[in-house]
Amino acid sequence: MVIDIGSGAGLPGVVLAIMRTDLSVTLLEPLLRRTVFLQECVDLLGLPNVVVRRARAEEVAGEYAADIVTARAVAPLTRLAGWALPLLRPDGELLALKGERAAAELEEARLVLEKFGVRAAEVVHVGRGKVDPPTTVVRAVAGTAPSKGRSGSRRGGRRRGGAHGRKR
Ligand SMILES: C[S@@+](CC[C@H](N)C(=O)[O-])C[C@H]1O[C@@H](n2cnc3c(N)ncnc32)[C@H](O)[C@@H]1O
């Protein structure tokens, strides 16, 4: 299972769901008009492997045990790590699409990553020969024990309903 934090207009979650229909992808996005847009896209594209959920990542800590969490242009790694790592299963991976500050962000986030039990983290460049320039990704691998930020241990699904009633 993949969770895309802060999907916005669908990057990278919708593209990933189109390319990898074998993956179950949850698009996590707090803003109503964006979730409406995302749901319309999912319906139009006919993507049965996608769930759109309206919520902030920090609100759903402990409700998921995802294999992978993705995020692009959502928050600095120091903050993103605290939102993403509690959504991962042990040994799951955060893949944060970053720009040229990736290495600097990784250094700045070392203490936070340690606090959340990350056992490995690196900057990788992907898509060579497909996109120019290649995409810079921070990859952080969760520890074998549940993250300290996790408040529950449900595997692969939701524990309770999403955030309702907010409009922005
Ligand atoms: C700059 S947009 C990027 C959208 C998309 N990922 C992209 O690359 O085009 C950041 C998105 O993160 C969402 N966001 C901000 N804080 C968030 C949080 N705490 N949890 C989940 N999403 C959040 C915003 O609503 C917004 O849609």
# chains A, B, ... in the order shown; residues from 1 in each chain; ligands from 1
$ closest_atom_pairs --of "chain A" --to "ligand 1" --cutoff "6 Å" --atoms "only C-alpha atoms and all ligand atoms" --output "tab-separated table"
residue	atom	partner	partner_atom_place_in_ligand_line	distance
A:Ile5	CA	ligand 1	21 (C)	5.0
A:Gly6	CA	ligand 1	22 (N)	3.3
A:Ser7	CA	ligand 1	6 (N)	4.2
A:Gly8	CA	ligand 1	27 (O)	3.5
A:Ala9	CA	ligand 1	9 (O)	5.7
A:Gly10	CA	ligand 1	5 (C)	6.0
A:Leu11	CA	ligand 1	7 (C)	4.5
A:Leu28	CA	ligand 1	21 (C)	5.8
A:Glu29	CA	ligand 1	22 (N)	4.6
A:Pro30	CA	ligand 1	25 (O)	5.4
A:Leu31	CA	ligand 1	25 (O)	5.2
A:Arg56	CA	ligand 1	20 (N)	3.5
A:Ala57	CA	ligand 1	20 (N)	3.9
A:Glu58	CA	ligand 1	19 (N)	5.9
A:Ala71	CA	ligand 1	6 (N)	5.9
A:Arg72	CA	ligand 1	6 (N)	4.3
A:Ala73	CA	ligand 1	3 (C)	4.7
A:Val74	CA	ligand 1	10 (C)	4.2
$ residues_around --residues "A:Asp67" --least-positions-apart "2" --cutoff "12 Å" --atoms "only C-alpha atoms" --output "PyMOL selection string"
chain A and resi 1-4+23-26+64-65+69-70+84-95+140-142+155-157
$ write_last_selection --atoms "C-alpha atoms" --output "compact mmCIF listing (two decimals), in the first residue's frame"
# COMPACT_ATOMS: atom_id res chain seq x y z
CA MET A 1 0.00 0.00 0.00
CA VAL A 2 1.16 3.52 -0.91
CA ILE A 3 0.11 6.78 0.73
CA ASP A 4 0.74 10.02 -1.14
CA LEU A 23 -0.63 -0.86 -6.17
CA SER A 24 -3.24 0.36 -3.74
CA VAL A 25 -2.76 4.14 -3.47
CA THR A 26 -4.29 6.47 -0.90
CA TYR A 64 -1.94 3.11 8.55
CA ALA A 65 1.00 0.79 8.12
CA VAL A 69 4.77 7.01 1.66
CA THR A 70 5.40 9.50 -1.12
CA ALA A 84 5.18 10.44 7.10
CA LEU A 85 7.07 8.02 9.32
CA PRO A 86 4.13 7.27 11.65
CA LEU A 87 2.17 6.12 8.56
CA LEU A 88 4.72 3.46 7.58
CA ARG A 89 5.01 -0.16 8.57
CA PRO A 90 8.33 -1.30 10.02
CA ASP A 91 10.88 -1.33 7.16
CA GLY A 92 8.55 0.80 5.02
CA GLU A 93 10.00 3.65 2.98
CA LEU A 94 9.44 7.36 2.71
CA LEU A 95 10.14 8.63 -0.81
CA ALA A 140 14.27 7.04 4.29
CA VAL A 141 13.77 3.49 5.53
CA ALA A 142 11.78 3.04 8.72
CA ARG A 155 -2.08 -2.72 9.38
CA GLY A 156 -2.97 -1.51 5.93
CA GLY A 157 -6.28 0.19 6.56
$ closest_atom_pairs --of "stretch 60-125 of chain A" --to "stretch 43-55 of chain A" --cutoff "12 Å" --atoms "only C-alpha atoms" --output "tab-separated table"
residue	atom	partner	partner_atom	distance
A:Val60	CA	A:Ala55	CA	7.3
A:Ala61	CA	A:Ala55	CA	10.7
A:Glu63	CA	A:Ala55	CA	11.8
A:Trp83	CA	A:Ala55	CA	11.8
$ residues_around --residues "A:Thr136" --least-positions-apart "3" --cutoff "9 Å" --atoms "only C-alpha atoms" --output "ChimeraX atom specification"
/A:96-100,102,123-126,133
$ select_by_dssp --residues "chain A" --states "strand (DSSP E)" --output "PyMOL selection string"
chain A and resi 2-5+25-28+50-53+66-72+88-98+120-126+135-141
$ select_by_dssp --residues "chain A" --states "helix (DSSP H, G or I)" --output "ChimeraX atom specification"
/A:13-19,32-45,57-60,77-87,102-108,110-115
